[in-house]
$ cat input-v9.csv   # CSV, C-alpha atoms
chain,number,residue,atom,x,y,z
O,8,MET,CA,0.0,0.0,0.0
O,9,THR,CA,2.1,2.8,-1.3
O,10,GLY,CA,-0.6,5.2,-2.7
O,11,PRO,CA,-3.2,7.3,-1.1
O,12,ILE,CA,-6.1,5.5,0.5
O,13,THR,CA,-9.2,5.9,-1.7
O,14,GLY,CA,-11.5,3.4,0.0
O,15,SER,CA,-11.6,1.3,3.1
O,16,MET,CA,-11.0,-2.3,3.7
O,17,ASN,CA,-13.9,-4.6,4.3
O,18,GLY,CA,-13.7,-7.7,6.4
O,19,ASN,CA,-12.1,-9.7,3.5
O,20,GLY,CA,-9.3,-7.3,3.0
O,21,ASP,CA,-10.8,-5.9,-0.4
O,22,ASP,CA,-10.9,-2.2,-1.2
O,23,MET,CA,-14.5,-0.8,-1.1
O,24,GLN,CA,-15.3,1.9,-3.7
O,25,LYS,CA,-16.8,5.1,-2.5
O,26,THR,CA,-20.4,5.5,-3.5
O,27,THR,CA,-20.2,9.3,-3.9
O,28,ARG,CA,-18.5,8.8,-7.3
O,29,LYS,CA,-21.6,6.9,-8.6
O,30,ILE,CA,-24.1,9.3,-7.0
O,31,HIS,CA,-22.9,12.5,-8.7
O,32,PRO,CA,-23.7,11.3,-12.3
O,33,ILE,CA,-27.1,10.0,-11.1
O,34,LEU,CA,-28.0,13.3,-9.4
O,35,LEU,CA,-26.7,15.3,-12.5
O,36,GLY,CA,-28.8,13.2,-14.8
O,37,THR,CA,-31.9,13.5,-12.7
O,38,LEU,CA,-31.4,17.3,-12.5
O,39,VAL,CA,-31.1,17.5,-16.3
O,40,ILE,CA,-34.3,15.4,-16.8
O,41,LEU,CA,-36.2,17.7,-14.4
O,42,VAL,CA,-35.1,20.8,-16.2
O,43,ILE,CA,-36.2,19.3,-19.5
O,44,ILE,CA,-39.6,18.4,-18.1
O,45,VAL,CA,-40.1,21.9,-16.7
O,46,ILE,CA,-39.0,23.6,-20.0
O,47,THR,CA,-41.3,21.4,-22.2
O,48,SER,CA,-44.3,21.9,-19.9
O,49,ASN,CA,-43.8,25.7,-20.0
O,50,LEU,CA,-43.5,25.7,-23.8
O,51,GLY,CA,-46.6,23.7,-24.1
O,52,SER,CA,-48.7,26.1,-22.1
O,53,MET,CA,-47.4,29.1,-24.1
O,54,GLY,CA,-48.8,27.6,-27.3
O,55,GLY,CA,-52.3,27.5,-25.8
O,56,GLU,CA,-52.6,31.3,-25.2
O,57,LYS,CA,-54.0,32.0,-28.7
O,58,GLY,CA,-56.8,29.5,-28.4
O,59,LYS,CA,-57.5,30.7,-24.8
O,60,LYS,CA,-57.9,34.3,-26.1
O,61,GLU,CA,-60.2,33.3,-28.9
O,62,GLU,CA,-62.4,31.2,-26.7
O,63,SER,CA,-62.5,33.8,-24.0
O,64,ARG,CA,-63.6,36.4,-26.6
O,65,GLU,CA,-66.4,34.0,-27.8
O,66,PHE,CA,-67.8,33.5,-24.3
O,67,VAL,CA,-67.5,37.2,-23.5
O,68,GLU,CA,-69.5,38.0,-26.6
O,69,LEU,CA,-72.1,35.3,-25.7
O,70,GLU,CA,-72.3,36.8,-22.1
O,71,GLN,CA,-72.9,40.3,-23.6
O,72,ALA,CA,-75.6,39.0,-25.9
O,73,LEU,CA,-77.4,37.2,-23.1
O,74,MET,CA,-77.4,40.3,-21.0
O,75,LYS,CA,-79.5,42.0,-23.7
O,76,VAL,CA,-82.3,39.4,-23.2
O,77,GLU,CA,-85.3,40.9,-21.4
O,78,GLY,CA,-85.4,40.0,-17.7
O,79,LEU,CA,-81.7,39.1,-17.5
O,80,GLY,CA,-79.1,41.3,-15.9
O,81,GLU,CA,-75.4,40.3,-15.5
O,82,VAL,CA,-74.5,36.9,-16.9
O,83,ILE,CA,-71.3,34.9,-16.2
O,84,LEU,CA,-70.5,31.6,-18.0
O,85,TYR,CA,-68.3,28.9,-16.6
O,86,PRO,CA,-67.6,26.2,-19.2
O,87,HIS,CA,-66.5,22.7,-18.3
O,88,TYR,CA,-64.5,20.6,-20.8
O,89,GLU,CA,-64.0,16.8,-21.2
O,90,TYR,CA,-60.2,17.0,-20.6
O,91,ALA,CA,-59.6,19.6,-17.9
O,92,GLU,CA,-56.0,20.8,-17.7
O,93,SER,CA,-55.9,20.8,-14.0
O,94,ALA,CA,-56.2,17.8,-11.7
O,95,ASN,CA,-59.3,19.3,-10.0
O,96,PRO,CA,-62.4,18.5,-12.1
O,97,LEU,CA,-64.2,21.6,-10.8
O,98,ALA,CA,-61.5,24.0,-11.6
O,99,ASP,CA,-63.0,25.1,-14.8
O,100,TYR,CA,-66.3,25.9,-13.1
O,101,PHE,CA,-64.7,28.4,-10.9
O,102,SER,CA,-62.5,30.2,-13.4
O,103,SER,CA,-64.5,32.9,-15.1
O,104,SER,CA,-64.9,32.2,-18.9
O,105,THR,CA,-61.2,31.6,-19.5
O,106,ALA,CA,-60.9,27.8,-19.6
O,107,THR,CA,-59.1,26.6,-22.6
O,108,ALA,CA,-60.6,24.1,-25.1
O,109,LYS,CA,-58.0,22.0,-27.0
O,110,LYS,CA,-58.9,20.4,-30.3
O,111,GLY,CA,-61.1,17.4,-29.5
O,112,ASN,CA,-61.7,18.8,-26.0
O,113,ALA,CA,-65.5,18.8,-26.1
O,114,LEU,CA,-67.6,21.1,-24.0
O,115,GLN,CA,-69.3,18.8,-21.4
O,116,GLY,CA,-71.2,21.3,-19.3
O,117,LEU,CA,-71.9,24.9,-18.5
O,118,LEU,CA,-72.6,26.7,-15.3
O,119,VAL,CA,-74.5,30.0,-15.8
O,120,VAL,CA,-74.7,32.5,-13.0
O,121,ALA,CA,-77.2,35.2,-13.9
O,122,GLU,CA,-79.2,38.0,-12.4
O,123,GLY,CA,-82.9,37.4,-13.0
O,124,ALA,CA,-82.5,33.6,-12.9
O,125,GLU,CA,-84.9,33.3,-10.0
O,126,ASP,CA,-87.8,33.6,-12.5
O,127,LEU,CA,-88.6,30.1,-13.9
O,128,LYS,CA,-89.7,31.5,-17.3
O,129,ILE,CA,-86.4,33.4,-17.7
O,130,ARG,CA,-84.4,30.3,-16.5
O,131,ASN,CA,-86.1,28.0,-19.1
O,132,GLN,CA,-85.6,30.6,-21.9
O,133,LEU,CA,-81.9,30.9,-21.0
O,134,SER,CA,-81.5,27.2,-20.9
O,135,GLY,CA,-83.1,26.9,-24.4
O,136,ILE,CA,-81.0,29.6,-25.9
O,137,LEU,CA,-77.7,28.2,-24.5
O,138,SER,CA,-78.7,24.7,-25.6
O,139,ALA,CA,-79.3,25.8,-29.2
O,140,VAL,CA,-76.3,28.1,-29.5
O,141,LEU,CA,-73.7,25.7,-27.9
O,142,GLN,CA,-75.3,22.5,-29.2
O,143,LEU,CA,-75.4,21.2,-25.6
O,144,SER,CA,-78.2,19.2,-24.0
O,145,GLU,CA,-80.2,21.2,-21.6
O,146,HIS,CA,-79.5,18.7,-18.8
O,147,ARG,CA,-75.8,19.7,-19.1
O,148,ILE,CA,-76.6,23.4,-18.4
O,149,VAL,CA,-76.9,24.5,-14.8
O,150,ILE,CA,-78.4,27.9,-14.1
O,151,ALA,CA,-77.9,29.6,-10.8
O,152,GLU,CA,-79.2,32.9,-9.5
O,153,MET,CA,-76.6,35.6,-9.0
O,154,GLU,CA,-76.2,36.9,-5.5
O,155,LYS,CA,-78.0,40.2,-5.2
O,156,ARG,CA,-75.7,43.1,-4.3
O,157,GLY,CA,-76.4,46.3,-2.5
O,158,ASN,CA,-79.6,47.0,-0.5
O,159,THR,CA,-81.6,43.8,-0.2
O,160,ASN,CA,-84.1,45.2,2.2
O,161,GLU,CA,-87.0,46.7,0.2
O,162,ASN,CA,-88.4,48.6,3.2
O,163,GLU,CA,-85.3,50.9,3.3
$ encode --input "input-v9.csv" --output "structure tokens"
Amino acid sequence: MTGPITGSMNGNGDDMQKTTRKIHPILLGTLVILVIIVITSNLGSMGGEKGKKEESREFVELEQALMKVEGLGEVILYPHYEYAESANPLADYFSSSTATAKKGNALQGLLVVAEGAEDLKIRNQLSGILSAVLQLSEHRIVIAEMEKRGNTNENE
């Protein structure tokens, strides 16, 4: 034993290799793979911005058109698609009109929050309009009354 000691002796008198030399390439490779995954996921989300803007504009225009229907006030649409981007299946219902629809990502349902929806006639009319415009069955459209803001006591 004339050189520097690079390992230690086991019970049989054999040199044991240090495991740190094997760990460094594994850690480096894992880090490279993680960086690649992060970069590709960010690039994929940037490509969807154009479709997101187009769809958002369409729903905004539909909301504005519905607000002109007699008996309706403010209207907000929350679409739900077959393949949601997030892990939470209700995430699209609670993100105001900005959910993205990819090609082949069919509209599955629609939540409508509208002023004036307490009137059954208005609710049925709204359901019929949305069913015809969006080519969506009426049972897939949920209409809820918008919370009234301001003074709710009529005596004041």
$ atom_distance --input "input-v9.csv" --atom1 "CA of Val76 (chain O)" --atom2 "CA of Arg147 (chain O)"
21.1 Å
$ atom_distance --input "input-v9.csv" --atom1 "CA of Ser134 (chain O)" --atom2 "CA of Arg64 (chain O)"
20.9 Å
$ atom_distance --input "input-v9.csv" --atom1 "CA of Val120 (chain O)" --atom2 "CA of Ile150 (chain O)"
6.0 Å
$ closest_residue --input "input-v9.csv" --among "O:Glu70, O:Ala113, O:Glu89, O:Leu84" --to "Val149 (chain O)" --atoms "only C-alpha atoms"
O:Leu84
$ closest_residue --input "input-v9.csv" --among "O:Lys29, O:Val67, O:Glu77, O:Leu38" --to "Lys128 (chain O)" --atoms "only C-alpha atoms"
O:Glu77
$ closest_residue --input "input-v9.csv" --among "O:Lys75, O:Ile129, O:Ala121, O:Ile46" --to "Glu154 (chain O)" --atoms "only C-alpha atoms"
O:Ala121
$ closest_residue --input "input-v9.csv" --among "O:Arg130, O:Arg156, O:His31, O:His146" --to "Leu79 (chain O)" --atoms "all atoms listed in the file"
O:Arg130
